[in-house]
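K.L.:
Data: coords_17.pdb, PDB, C-alpha atoms and all ligand atoms.
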ATOM      1  CA  MET W   6     143.639  96.827 -23.981
ATOM      2  CA  GLN W   7     147.143  96.244 -25.147
ATOM      3  CA  ALA W   8     149.799  98.370 -26.832
ATOM      4  CA  SER W   9     153.530  97.965 -27.055
ATOM      5  CA  ILE W  10     156.529  98.769 -29.188
ATOM      6  CA  VAL W  11     159.385  96.416 -30.043
ATOM      7  CA  PHE W  12     162.637  97.725 -31.519
ATOM      8  CA  LEU W  13     164.085  95.306 -34.054
ATOM      9  CA  GLY W  14     167.133  97.481 -34.748
ATOM     10  CA  THR W  15     168.370 100.852 -33.507
ATOM     11  CA  GLY W  16     171.468 101.463 -35.641
ATOM     12  CA  GLN W  17     172.118 103.921 -38.461
ATOM     13  CA  GLY W  18     174.747 104.142 -41.162
ATOM     14  CA  SER W  19     176.862 101.578 -42.933
ATOM     15  CA  PHE W  20     179.526 101.500 -40.242
ATOM     16  CA  VAL W  21     177.131 100.653 -37.425
ATOM     17  CA  ILE W  22     174.760  98.400 -39.374
ATOM     18  CA  GLY W  23     177.284  97.007 -41.861
ATOM     19  CA  ARG W  24     179.425  95.691 -39.036
ATOM     20  CA  ASP W  25     176.429  94.665 -36.947
ATOM     21  CA  ILE W  26     177.421  96.853 -34.001
ATOM     22  CA  LEU W  27     173.757  97.696 -33.785
ATOM     23  CA  SER W  28     171.121  96.064 -35.901
ATOM     24  CA  SER W  29     168.393  97.398 -38.189
ATOM     25  CA  GLY W  30     164.937  96.163 -39.101
ATOM     26  CA  GLY W  31     162.828  99.049 -37.823
ATOM     27  CA  PHE W  32     160.292  98.664 -35.054
ATOM     28  CA  VAL W  33     156.880  97.121 -34.484
ATOM     29  CA  ILE W  34     153.910  98.800 -32.803
ATOM     30  CA  GLN W  35     151.175  96.522 -31.522
ATOM     31  CA  VAL W  36     147.798  98.023 -30.661
ATOM     32  CA  ASP W  37     145.339  95.333 -29.602
ATOM     33  CA  GLU W  38     145.070  93.001 -32.616
ATOM     34  CA  ASN W  39     146.824  95.396 -35.001
ATOM     35  CA  GLN W  40     150.523  95.060 -35.764
ATOM     36  CA  PHE W  41     152.384  97.814 -37.621
ATOM     37  CA  HIS W  42     155.925  97.145 -38.798
ATOM     38  CA  ILE W  43     157.767 100.374 -39.521
ATOM     39  CA  ASP W  44     160.900 100.827 -41.673
ATOM     40  CA  PRO W  45     161.995  97.262 -42.460
ATOM     41  CA  GLY W  46     165.732  97.671 -42.982
ATOM     42  CA  PRO W  47     168.205  94.803 -43.443
ATOM     43  CA  ASN W  48     167.761  91.794 -41.129
ATOM     44  CA  SER W  49     164.092  92.490 -40.434
ATOM     45  CA  LEU W  50     163.219  88.798 -40.617
ATOM     46  CA  ARG W  51     165.970  87.602 -38.301
ATOM     47  CA  ASN W  52     165.448  90.378 -35.770
ATOM     48  CA  ALA W  53     161.671  89.917 -35.755
ATOM     49  CA  ALA W  54     162.144  86.227 -35.030
ATOM     50  CA  HIS W  55     164.652  87.011 -32.250
ATOM     51  CA  SER W  56     162.164  89.426 -30.667
ATOM     52  CA  GLY W  57     159.276  86.978 -30.866
ATOM     53  CA  ILE W  58     157.462  88.996 -33.529
ATOM     54  CA  ASN W  59     155.439  86.978 -36.001
ATOM     55  CA  LEU W  60     155.477  88.926 -39.263
ATOM     56  CA  ARG W  61     152.439  86.940 -40.387
ATOM     57  CA  SER W  62     150.532  89.062 -37.875
ATOM     58  CA  ASN W  63     151.431  92.332 -39.618
ATOM     59  CA  THR W  64     148.339  94.383 -40.315
ATOM     60  CA  ALA W  65     150.404  96.960 -42.167
ATOM     61  CA  LEU W  66     153.968  97.568 -43.204
ATOM     62  CA  LEU W  67     155.031 101.227 -43.233
ATOM     63  CA  VAL W  68     158.077 102.602 -45.019
ATOM     64  CA  SER W  69     159.151 106.214 -44.487
ATOM     65  CA  HIS W  70     161.628 106.434 -47.366
ATOM     66  CA  ALA W  71     163.754 104.508 -49.811
ATOM     67  CA  HIS W  72     167.094 104.620 -47.968
ATOM     68  CA  LEU W  73     168.416 101.119 -47.519
ATOM     69  CA  ASN W  74     168.284 100.978 -43.720
ATOM     70  CA  HIS W  75     164.562 101.813 -43.814
ATOM     71  CA  SER W  76     163.306  99.883 -46.827
ATOM     72  CA  ASN W  77     165.712  97.111 -47.800
ATOM     73  CA  ASP W  78     163.564  94.229 -46.560
ATOM     74  CA  VAL W  79     160.189  95.484 -47.742
ATOM     75  CA  ASN W  80     159.804  92.663 -50.288
ATOM     76  CA  ALA W  81     161.136  90.020 -47.893
ATOM     77  CA  VAL W  82     158.678  91.078 -45.181
ATOM     78  CA  ILE W  83     155.763  91.052 -47.634
ATOM     79  CA  ASP W  84     156.830  87.597 -48.783
ATOM     80  CA  SER W  85     156.990  86.419 -45.199
ATOM     81  CA  MET W  86     153.699  87.964 -44.070
ATOM     82  CA  THR W  87     151.759  86.542 -47.021
ATOM     83  CA  TYR W  88     153.401  83.080 -47.317
ATOM     84  CA  SER W  89     154.756  84.111 -50.719
ATOM     85  CA  GLY W  90     151.373  85.382 -51.797
ATOM     86  CA  PHE W  91     149.537  82.202 -50.807
ATOM     87  CA  ASP W  92     147.604  84.322 -48.335
ATOM     88  CA  LYS W  93     147.078  87.707 -49.978
ATOM     89  CA  LYS W  94     146.985  90.051 -47.008
ATOM     90  CA  GLY W  95     148.246  93.184 -45.335
ATOM     91  CA  VAL W  96     148.647  96.798 -46.351
ATOM     92  CA  LEU W  97     151.765  98.679 -47.376
ATOM     93  CA  VAL W  98     151.816 102.371 -46.488
ATOM     94  CA  SER W  99     154.856 104.139 -47.888
ATOM     95  CA  ASN W 100     156.223 107.252 -49.444
ATOM     96  CA  LYS W 101     156.197 107.727 -53.198
ATOM     97  CA  THR W 102     159.803 106.708 -53.882
ATOM     98  CA  VAL W 103     159.390 103.211 -52.408
ATOM     99  CA  VAL W 104     156.568 102.444 -54.846
ATOM    100  CA  SER W 105     157.400 104.542 -57.918
ATOM    101  CA  GLY W 106     161.074 105.471 -57.576
ATOM    102  CA  GLN W 107     162.533 108.915 -58.149
ATOM    103  CA  ASP W 108     165.705 110.094 -59.887
ATOM    104  CA  GLN W 109     168.487 107.708 -58.892
ATOM    105  CA  TYR W 110     166.115 105.584 -56.791
ATOM    106  CA  LYS W 111     164.458 102.664 -58.537
ATOM    107  CA  PRO W 112     161.204 101.534 -56.894
ATOM    108  CA  THR W 113     162.039  99.426 -53.835
ATOM    109  CA  LEU W 114     158.753  97.530 -53.988
ATOM    110  CA  LEU W 115     158.880  94.876 -56.690
ATOM    111  CA  PRO W 116     155.649  94.285 -58.669
ATOM    112  CA  HIS W 117     155.781  90.570 -57.870
ATOM    113  CA  TYR W 118     155.542  91.220 -54.110
ATOM    114  CA  ARG W 119     153.194  94.177 -54.478
ATOM    115  CA  ASP W 120     150.622  91.729 -55.837
ATOM    116  CA  PHE W 121     150.773  89.717 -52.605
ATOM    117  CA  LEU W 122     149.316  92.660 -50.661
ATOM    118  CA  GLU W 123     145.699  93.369 -49.997
ATOM    119  CA  ARG W 124     146.458  96.996 -50.766
ATOM    120  CA  PHE W 125     149.286  99.509 -51.049
ATOM    121  CA  ILE W 126     148.871 103.169 -50.231
ATOM    122  CA  VAL W 127     151.256 106.023 -51.046
ATOM    123  CA  LEU W 128     151.162 108.977 -48.686
ATOM    124  CA  GLU W 129     152.499 112.502 -48.937
ATOM    125  CA  ALA W 130     152.933 114.798 -45.953
ATOM    126  CA  GLY W 131     149.558 115.796 -44.485
ATOM    127  CA  GLN W 132     147.644 112.848 -45.947
ATOM    128  CA  ARG W 133     145.971 110.291 -43.735
ATOM    129  CA  VAL W 134     144.848 106.724 -43.849
ATOM    130  CA  GLY W 135     142.728 104.819 -41.341
ATOM    131  CA  ILE W 136     143.549 101.167 -40.733
ATOM    132  CA  ASN W 137     141.051  99.496 -38.435
ATOM    133  CA  GLU W 138     140.815 101.763 -35.376
ATOM    134  CA  VAL W 139     144.178 103.467 -35.987
ATOM    135  CA  GLU W 140     144.635 106.643 -38.041
ATOM    136  CA  ILE W 141     148.020 107.278 -39.617
ATOM    137  CA  GLN W 142     149.122 110.681 -40.852
ATOM    138  CA  ALA W 143     152.201 111.284 -42.987
ATOM    139  CA  LEU W 144     154.482 113.969 -41.533
ATOM    140  CA  LYS W 145     156.755 116.424 -43.302
ATOM    141  CA  THR W 146     160.490 115.862 -43.333
ATOM    142  CA  LYS W 147     163.537 117.481 -44.883
ATOM    143  CA  HIS W 148     165.912 114.734 -45.862
ATOM    144  CA  SER W 149     168.246 113.691 -48.667
ATOM    145  CA  GLU W 150     165.575 111.305 -49.984
ATOM    146  CA  PRO W 151     163.198 113.906 -51.452
ATOM    147  CA  ASN W 152     159.881 112.198 -50.648
ATOM    148  CA  ALA W 153     160.694 110.989 -47.126
ATOM    149  CA  ILE W 154     157.823 111.168 -44.621
ATOM    150  CA  GLY W 155     157.373 110.598 -40.899
ATOM    151  CA  PHE W 156     154.304 108.975 -39.355
ATOM    152  CA  LYS W 157     151.843 110.043 -36.679
ATOM    153  CA  PHE W 158     149.666 107.292 -35.203
ATOM    154  CA  PHE W 159     146.329 108.213 -33.637
ATOM    155  CA  THR W 160     145.314 105.145 -31.653
ATOM    156  CA  PRO W 161     142.479 104.758 -29.153
ATOM    157  CA  TYR W 162     145.037 104.917 -26.334
ATOM    158  CA  PHE W 163     147.699 107.412 -27.396
ATOM    159  CA  THR W 164     149.093 109.562 -30.188
ATOM    160  CA  LEU W 165     152.597 108.612 -31.264
ATOM    161  CA  SER W 166     154.801 110.574 -33.660
ATOM    162  CA  TYR W 167     157.777 109.042 -35.429
ATOM    163  CA  SER W 168     160.157 111.532 -37.016
ATOM    164  CA  ALA W 169     161.777 109.066 -39.453
ATOM    165  CA  ASP W 170     164.861 110.690 -41.003
ATOM    166  CA  THR W 171     164.753 114.469 -41.146
ATOM    167  CA  LYS W 172     166.878 117.455 -40.384
ATOM    168  CA  TYR W 173     165.535 120.058 -37.992
ATOM    169  CA  PHE W 174     163.114 122.728 -39.211
ATOM    170  CA  PRO W 175     160.666 124.674 -37.045
ATOM    171  CA  GLU W 176     157.487 123.136 -38.528
ATOM    172  CA  LEU W 177     158.460 119.797 -36.997
ATOM    173  CA  ILE W 178     157.226 121.095 -33.670
ATOM    174  CA  GLU W 179     153.754 121.691 -35.120
ATOM    175  CA  GLU W 180     153.816 118.267 -36.738
ATOM    176  CA  TYR W 181     154.543 116.485 -33.445
ATOM    177  CA  LYS W 182     152.234 118.622 -31.243
ATOM    178  CA  ASN W 183     149.817 116.711 -28.975
ATOM    179  CA  SER W 184     151.808 113.491 -29.152
ATOM    180  CA  ASN W 185     151.920 111.369 -26.009
ATOM    181  CA  ILE W 186     154.908 109.477 -27.317
ATOM    182  CA  LEU W 187     157.631 110.803 -29.589
ATOM    183  CA  ILE W 188     160.179 108.625 -31.376
ATOM    184  CA  LEU W 189     163.067 110.629 -32.805
ATOM    185  CA  ASN W 190     165.788 109.349 -35.120
ATOM    186  CA  VAL W 191     168.902 111.055 -33.770
ATOM    187  CA  PRO W 192     172.013 109.573 -35.435
ATOM    188  CA  HIS W 193     174.353 112.396 -34.459
ATOM    189  CA  ILE W 194     175.628 114.141 -31.344
ATOM    190  CA  LEU W 195     176.874 117.315 -32.997
ATOM    191  CA  LYS W 196     175.090 119.750 -35.257
ATOM    192  CA  ASP W 197     178.009 119.806 -37.731
ATOM    193  CA  ASP W 198     177.616 116.081 -38.397
ATOM    194  CA  ALA W 199     173.838 116.214 -38.765
ATOM    195  CA  LYS W 200     173.469 117.396 -42.344
ATOM    196  CA  ASP W 201     170.224 115.606 -43.204
ATOM    197  CA  ASN W 202     169.345 114.279 -39.766
ATOM    198  CA  LEU W 203     168.751 115.357 -36.175
ATOM    199  CA  CYS W 204     171.402 115.925 -33.504
ATOM    200  CA  ILE W 205     171.063 116.117 -29.703
ATOM    201  CA  GLU W 206     170.598 119.895 -29.719
ATOM    202  CA  ASP W 207     167.732 119.553 -32.253
ATOM    203  CA  ALA W 208     166.090 116.862 -30.142
ATOM    204  CA  ILE W 209     166.208 119.102 -27.056
ATOM    205  CA  LYS W 210     164.629 121.957 -29.012
ATOM    206  CA  ILE W 211     161.803 119.696 -30.233
ATOM    207  CA  VAL W 212     161.112 117.967 -26.905
ATOM    208  CA  LYS W 213     161.031 121.271 -25.005
ATOM    209  CA  GLU W 214     158.179 122.468 -27.223
ATOM    210  CA  VAL W 215     156.237 119.266 -27.888
ATOM    211  CA  ARG W 216     156.385 118.001 -24.284
ATOM    212  CA  PRO W 217     155.152 114.424 -24.788
ATOM    213  CA  LYS W 218     154.901 111.979 -21.898
ATOM    214  CA  LEU W 219     157.694 109.855 -23.279
ATOM    215  CA  VAL W 220     160.537 110.391 -25.743
ATOM    216  CA  ILE W 221     162.358 107.464 -27.331
ATOM    217  CA  ILE W 222     165.617 108.127 -29.171
ATOM    218  CA  GLN W 223     166.976 105.656 -31.721
ATOM    219  CA  HIS W 224     168.824 105.297 -35.068
ATOM    220  CA  PHE W 225     172.297 105.705 -33.624
ATOM    221  CA  GLY W 226     175.222 106.560 -35.891
ATOM    222  CA  VAL W 227     178.841 105.706 -35.210
ATOM    223  CA  GLU W 228     179.725 108.810 -33.182
ATOM    224  CA  MET W 229     176.674 108.275 -31.008
ATOM    225  CA  VAL W 230     177.659 104.653 -30.382
ATOM    226  CA  LYS W 231     181.222 105.655 -29.494
ATOM    227  CA  GLY W 232     179.965 108.490 -27.290
ATOM    228  CA  ASP W 233     177.503 106.231 -25.419
ATOM    229  CA  PRO W 234     173.848 106.947 -26.328
ATOM    230  CA  LEU W 235     172.793 106.563 -22.696
ATOM    231  CA  PHE W 236     174.944 109.499 -21.659
ATOM    232  CA  GLN W 237     173.877 111.636 -24.623
ATOM    233  CA  ILE W 238     170.209 110.895 -24.158
ATOM    234  CA  ARG W 239     170.382 111.791 -20.461
ATOM    235  CA  GLU W 240     171.179 115.332 -21.619
ATOM    236  CA  ILE W 241     167.794 115.513 -23.335
ATOM    237  CA  GLN W 242     165.951 114.431 -20.190
ATOM    238  CA  LYS W 243     168.018 116.812 -18.006
ATOM    239  CA  SER W 244     167.351 119.821 -20.252
ATOM    240  CA  THR W 245     163.649 119.159 -20.781
ATOM    241  CA  GLY W 246     162.406 117.285 -17.702
ATOM    242  CA  ILE W 247     160.670 114.827 -20.037
ATOM    243  CA  GLN W 248     161.211 111.101 -19.586
ATOM    244  CA  THR W 249     163.601 110.075 -22.356
ATOM    245  CA  ILE W 250     164.685 106.555 -23.207
ATOM    246  CA  SER W 251     167.544 105.430 -25.383
ATOM    247  CA  ALA W 252     166.165 102.526 -27.423
ATOM    248  CA  LYS W 253     168.181  99.373 -27.818
ATOM    249  CA  ASP W 254     167.931  96.394 -30.097
ATOM    250  CA  GLY W 255     165.189  94.061 -28.897
ATOM    251  CA  MET W 256     163.759  96.531 -26.362
ATOM    252  CA  ILE W 257     160.043  96.234 -25.609
ATOM    253  CA  ILE W 258     158.061  99.116 -24.090
ATOM    254  CA  ASP W 259     154.504  98.899 -22.822
ATOM    255  CA  LEU W 260     152.813 101.979 -24.287
ATOM    256  CA  ILE W 261     149.555 101.807 -22.352
ATOM    257  CA  SER W 262     151.132 103.670 -19.433
ATOM    258  CA  TYR W 263     151.491 106.688 -21.706
ATOM    259  CA  SER W 264     147.948 106.586 -22.974
ATOM    260  CA  VAL W 265     145.325 109.305 -22.896
ATOM    261  CA  ASP W 266     143.066 108.303 -20.042
ATOM    262  CA  ARG W 267     139.718 109.303 -21.441
ATOM    263  CA  GLY W 268     137.598 106.948 -23.523
ATOM    264  CA  GLN W 269     139.546 103.806 -22.886
ATOM    265  CA  ARG W 270     136.764 101.825 -21.267
ATOM    266  CA  THR W 271     134.515 101.966 -24.318
ATOM    267  CA  LEU W 272     136.977 100.322 -26.686
ATOM    268  CA  GLN W 273     136.808  96.731 -27.801
ATOM    269  CA  ALA W 274     139.709  94.718 -29.140
ATOM    270  CA  TYR W 275     139.546  94.310 -32.906
ATOM    271  CA  PRO W 276     138.494  90.748 -33.787
ATOM    272  CA  LYS W 277     141.399  88.836 -35.294
ATOM    273  CA  GLU W 278     139.513  87.195 -38.144
ATOM    274  CA  GLN W 279     137.904  90.406 -39.348
ATOM    275  CA  LYS W 280     139.093  91.800 -42.665
ATOM    276  CA  ILE W 281     141.247  94.893 -42.489
ATOM    277  CA  GLU W 282     139.212  98.046 -42.765
ATOM    278  CA  ILE W 283     140.993 100.799 -44.656
ATOM    279  CA  ARG W 284     139.823 104.373 -44.788
ATOM    280  CA  HIS W 285     141.904 106.401 -47.198
ATOM    281  CA  GLU W 286     141.478 110.059 -46.499
ATOM    282  CA  SER W 287     144.255 111.300 -48.675
ATOM    283  CA  ILE W 288     142.816 114.564 -49.864
ATOM    284  CA  LYS W 289     141.262 115.575 -46.598
ATOM    285  CA  GLU W 290     143.004 118.227 -44.536
ATOM    286  CA  PRO W 291     144.238 116.826 -41.214
ATOM    287  CA  GLU W 292     141.523 117.167 -38.624
ATOM    288  CA  LYS W 293     141.915 119.199 -35.486
ATOM    289  CA  GLU W 294     143.999 117.145 -33.158
ATOM    290  CA  GLU W 295     143.050 115.890 -29.761
ATOM    291  CA  GLU W 296     143.419 117.891 -26.607
ATOM    292  CA  PRO W 297     146.997 118.231 -25.423
ATOM    293  CA  ALA W 298     148.337 115.276 -23.534
ATOM    294  CA  GLN W 299     148.080 115.506 -19.779
ATOM    295  CA  GLU W 300     151.140 117.010 -18.276
ATOM    296  CA  GLU W 301     151.498 114.917 -15.156
ATOM    297  CA  TYR W 302     154.542 112.723 -14.983
ATOM    298  CA  ILE W 303     153.618 109.041 -14.783
ATOM    299  CA  PRO W 304     156.701 106.891 -14.496
ATOM    300  CA  ILE W 305     156.045 103.167 -14.510
ATOM    301  CA  GLU W 306     157.995 100.400 -12.918
ATOM    302  CA  GLU W 307     158.408  98.543 -16.163
ATOM    303  CA  ILE W 308     160.177 101.394 -17.871
ATOM    304  CA  LYS W 309     162.414 101.929 -14.858
ATOM    305  CA  GLU W 310     163.399  98.308 -15.048
ATOM    306  CA  GLN W 311     164.207  98.584 -18.707
ATOM    307  CA  GLN W 312     166.330 101.628 -18.076
ATOM    308  CA  THR W 313     168.272  99.795 -15.392
ATOM    309  CA  GLU W 314     168.742  96.945 -17.765
ATOM    310  CA  LEU W 315     170.089  99.398 -20.320
ATOM    311  CA  SER W 316     172.689 100.899 -18.018
ATOM    312  CA  ASP W 317     173.863  97.464 -16.991
ATOM    313  CA  GLN W 318     174.497  95.884 -20.285
ATOM    314  CA  ASN W 319     173.659  97.927 -23.305
ATOM    315  CA  ILE W 320     176.263 100.022 -24.911
ATOM    316  CA  LEU W 321     179.472  98.945 -23.252
ATOM    317  CA  ASP W 322     179.311  95.689 -25.147
ATOM    318  CA  SER W 323     178.874  97.527 -28.400
ATOM    319  CA  GLU W 324     181.694  99.898 -27.612
ATOM    320  CA  LYS W 325     184.074  97.039 -26.922
ATOM    321  CA  THR W 326     183.214  95.524 -30.249
ATOM    322  CA  LEU W 327     183.731  98.854 -31.911
ATOM    323  CA  LYS W 328     187.174  99.337 -30.367
ATOM    324  CA  GLU W 329     188.182  95.883 -31.419
ATOM    325  CA  ILE W 330     187.052  96.600 -34.932
ATOM    326  CA  LEU W 331     188.868  99.933 -35.023
ATOM    327  CA  LYS W 332     192.102  98.248 -33.937
ATOM    328  CA  GLN W 333     191.838  95.829 -36.813
ATOM    329  CA  ASP W 334     191.590  98.639 -39.355
TER     330      ASP W 334
HETATM  331 ZN    ZN H 401     167.483 108.340 -44.629
END
Once you've parsed the file, please lay out its structure as C-alpha cells.
P.N.:
Amino acid sequence: MQASIVFLGTGQGSFVIGRDILSSGGFVIQVDENQFHIDPGPNSLRNAAHSGINLRSNTALLVSHAHLNHSNDVNAVIDSMTYSGFDKKGVLVSNKTVVSGQDQYKPTLLPHYRDFLERFIVLEAGQRVGINEVEIQALKTKHSEPNAIGFKFFTPYFTLSYSADTKYFPELIEEYKNSNILILNVPHILKDDAKDNLCIEDAIKIVKEVRPKLVIIQHFGVEMVKGDPLFQIREIQKSTGIQTISAKDGMIIDLISYSVDRGQRTLQAYPKEQKIEIRHESIKEPEKEEEPAQEEYIPIEEIKEQQTELSDQNILDSEKTLKEILKQD
C-alpha cells in the first residue's frame, strides 16, 4: 500500500515561471504501481529528474487544458516515457483542446507523439475513465481556455480532487464533495486579480464546505510569491480548521495518512508487468460517490516535518531572488 504526490513545479504566470522564481512541470501522483503525471508544463523533464521521478514509469499523463504552463511538455513527456515510440505505452487523458485545438489554440499534442501512446482519451466535465484500479472523473471549470477540466481521482485509498485552473462558481463545491484531499490552484491573493482563477477568499469558501482531510494550495502567481504563500495559506487553515499545506517545488507528501480506512486490507498492488487496463465510461453519469470522508483530524509527523521545512527555507529564498530581479528592471 503506497500513495504519494510529488510537486514538480508550483509556479504560475510568465513572471514567476519565466524567471524561474518557482518552477512548473505539474505534479505526479503515485498509487501503488500506477504513476499519474498531471499538467506537464515547461521543464517537466528536468524537474522530474530532480525529484527522482522516472517518467518511463508513467501509467498516464493527464492534461487539464492547453495553457502553456499546463501542457507545454506533453510531447516531450510522451517521447521520454516511450523511448521515442520504441516502447509504445501509456495513456494520455486530456481535455479537447489539447488533442483537437479550438479557436486560437492549435492542438498541443502532435500526431507524431500521439502515435507513441497506447491510447489517448479526451474527457469533458462529468465523464470518467478507469485506469487500472483508479477512476478519474473530469470536473467542471470556468476558465479562459474554454474546454479546461479539473480531475477527481477515486483510488482504493482516497478520493483526491484537483481544481486545475478555474474561477470560483458555486457548483465547484458539489464537484469536490467527498474528497479526502483537495488540491487547489490559487494564483492570487485578492479577488480583483483573480479574473479566471481562484483567490484566497474563494479557497476559504470552498474548503469550508468541502471539508477534506487535507488541502494543498499551489500554482502561485507573482503577488502570492511576493506576499509569502505560507502566510496567505495559513489564513485558509485558520478560517476553516482544515489542515492546509502550501506546496513547494520538489515537495513530496505521503497520501496514505489521508486515506479512507475501510477496505484497505483487501487490496493488492497492481503487478508491474501487467498491461494497462482502461475502462472508458464516457457516457455514463457519474456514480453516487463514496460516503463522506471521516471528520477526525489525523495529523501525521511526516507532514509536520515538511511544514517545518517549508517555514525554514521555502519562500524567503524566492522573495530575495524576486527583489533582486525587480531592482534590475
Ligand atoms: Zn490556465
K.L.:
Per residue of chain W within 10 Å of ligand ZN 401 (chain H), note the shortest atom pair and the distance in Å to one decimal, counting all atoms listed in the file, and order the rows by chain and increasing residue number, as a Markdown table.
P.N.:
| residue | atom | partner | partner_atom | distance |
| --- | --- | --- | --- | --- |
| W:Gln17 | CA | H:ZN401 | ZN | 8.9 |
| W:Gly18 | CA | H:ZN401 | ZN | 9.1 |
| W:Ser69 | CA | H:ZN401 | ZN | 8.6 |
| W:His70 | CA | H:ZN401 | ZN | 6.7 |
| W:Ala71 | CA | H:ZN401 | ZN | 7.4 |
| W:His72 | CA | H:ZN401 | ZN | 5.0 |
| W:Leu73 | CA | H:ZN401 | ZN | 7.8 |
| W:Asn74 | CA | H:ZN401 | ZN | 7.5 |
| W:His75 | CA | H:ZN401 | ZN | 7.2 |
| W:Ser76 | CA | H:ZN401 | ZN | 9.7 |
| W:Lys147 | CA | H:ZN401 | ZN | 10.0 |
| W:His148 | CA | H:ZN401 | ZN | 6.7 |
| W:Ser149 | CA | H:ZN401 | ZN | 6.7 |
| W:Glu150 | CA | H:ZN401 | ZN | 6.4 |
| W:Pro151 | CA | H:ZN401 | ZN | 9.8 |
| W:Ala153 | CA | H:ZN401 | ZN | 7.7 |
| W:Ala169 | CA | H:ZN401 | ZN | 7.7 |
| W:Asp170 | CA | H:ZN401 | ZN | 5.1 |
| W:Thr171 | CA | H:ZN401 | ZN | 7.6 |
| W:Asn190 | CA | H:ZN401 | ZN | 9.7 |
| W:Asp201 | CA | H:ZN401 | ZN | 7.9 |
| W:Asn202 | CA | H:ZN401 | ZN | 7.9 |
K.L.:
Give me the residues near His285 in chain W as a PyMOL selection string, where near means some atom within 12 Å (using only C-alpha atoms) and where sequence neighbours in that chain fewer than 2 positions away do not count.
P.N.:
chain W and resi 96+98+124-128+132-137+139-142+282-283+287-289
K.L.:
Measuring between all atoms listed in the file, which one of W:Asp37, W:Asp84, W:Glu180, W:Glu138 shows the shortest distance to Arg119 in chain W?
P.N.:
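Distance minimum relative to Arg119 in chain W lands on W:Asp84.
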K.L.:
Set the distance at 7 Å and use all atoms listed in the file: which residues neighbour range 121-123 of chain W once local chain neighbours fewer than 3 positions away are removed? I'd like the list as an MDAnalysis selection string.
P.N.:
chainID W and resid 87 90 93:96 118
K.L.:
Nearest residue to Lys253 in chain W out of W:Asn100, W:Ser29, W:Gln237, W:Ser19, using all atoms listed in the file?
P.N.:
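For Lys253 in chain W, the nearest of the candidates is W:Ser29.
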K.L.:
Could you name the residues that touch range 212-217 of chain W at 12 Å or less, counting all atoms listed in the file, but leaving out those on the same chain fewer than 2 positions away, as a count of residues only?
P.N.:
50
K.L.:
Kindly indicate which residue among W:Ile43, W:Ile258, W:Ile281, W:Val230 lies nearest to Leu27 in chain W, using all atoms listed in the file for the distances.
P.N.:
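Under the stated criterion, the closest residue is W:Val230.
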K.L.:
Counting all atoms listed in the file, which of W:Ser99, W:Arg284, W:Gly255, W:Phe174 gets nearest to Arg51 in chain W?
P.N.:
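So, comparing all the options, the nearest one is W:Gly255.
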K.L.:
Given the point (161.9, 99.0, -52.3) in the file's coordinates, find the residues that have an atom at most 12 Å from it, counting all atoms listed in the file, and give them as an MDAnalysis selection string.
P.N.:
chainID W and resid 44:47 67:83 97 99:107 110:119
K.L.:
Which distance in Å separates CA of Pro234 in chain W and CA of Asp254 in chain W, to one decimal?
P.N.:
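Separating CA of Pro234 in chain W from CA of Asp254 in chain W is a distance of 12.7 Å.
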K.L.:
Quick one, how far is CA of Ser89 in chain W from CA of Gln35 in chain W?
P.N.:
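Separating CA of Ser89 in chain W from CA of Gln35 in chain W is a distance of 23.1 Å.
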K.L.:
Quick check on the file I pasted: which residues fall under the PyMOL selection byres (((chain W and resi 156) around 6) and not hetatm)? Write them as a list in words.
P.N.:
Gln142, Ala143, Leu144, Gly155, Lys157, Ser166 and Tyr167 of chain W
K.L.:
Would you save the residues from that selection as a short mmCIF file (atom, residue, chain, number, x, y, z; two decimals), keeping the file's coordinate frame, using C-alpha atoms?
P.N.:
data_model
loop_
_atom_site.label_atom_id
_atom_site.label_comp_id
_atom_site.auth_asym_id
_atom_site.auth_seq_id
_atom_site.Cartn_x
_atom_site.Cartn_y
_atom_site.Cartn_z
CA GLN W 142 149.12 110.68 -40.85
CA ALA W 143 152.20 111.28 -42.99
CA LEU W 144 154.48 113.97 -41.53
CA GLY W 155 157.37 110.60 -40.90
CA LYS W 157 151.84 110.04 -36.68
CA SER W 166 154.80 110.57 -33.66
CA TYR W 167 157.78 109.04 -35.43
#
K.L.:
To one decimal place, how far is CA of Asn39 in chain W from CA of Asn52 in chain W in Å?
P.N.:
19.3 Å
K.L.:
Report as lines of an AutoDock Vina configuration file the centre and the edge lengths, in Å to one decimal, of the axis-aligned box holding every listed atom of range 244-257 of chain W, padded by 6 Å on each side.
P.N.:
center_x = 164.1
center_y = 106.9
center_z = -23.9
size_x = 20.1
size_y = 37.8
size_z = 24.4
K.L.:
Starting from the PyMOL selection byres (((chain W and resi 12) around 8) and not hetatm), expand the selection into actual residues of this file and give them as a PyMOL selection string.
P.N.:
chain W and resi 10-11+13-15+31-33+252-257
K.L.:
Using the chain letters and numbers from the file, which residues does the PyMOL selection byres (((chain W and resi 203) around 6) and not hetatm) grab, as a VMD selection string?
P.N.:
chain W and resid 172 to 173 191 199 202 204 207
K.L.:
For Met229 in chain W, which residue out of W:Pro192, W:Ala53, W:Ile250, W:Tyr162 is the nearest one, using only C-alpha atoms?
P.N.:
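Among W:Pro192, W:Ala53, W:Ile250, W:Tyr162, it is W:Pro192 that comes nearest to Met229 in chain W.
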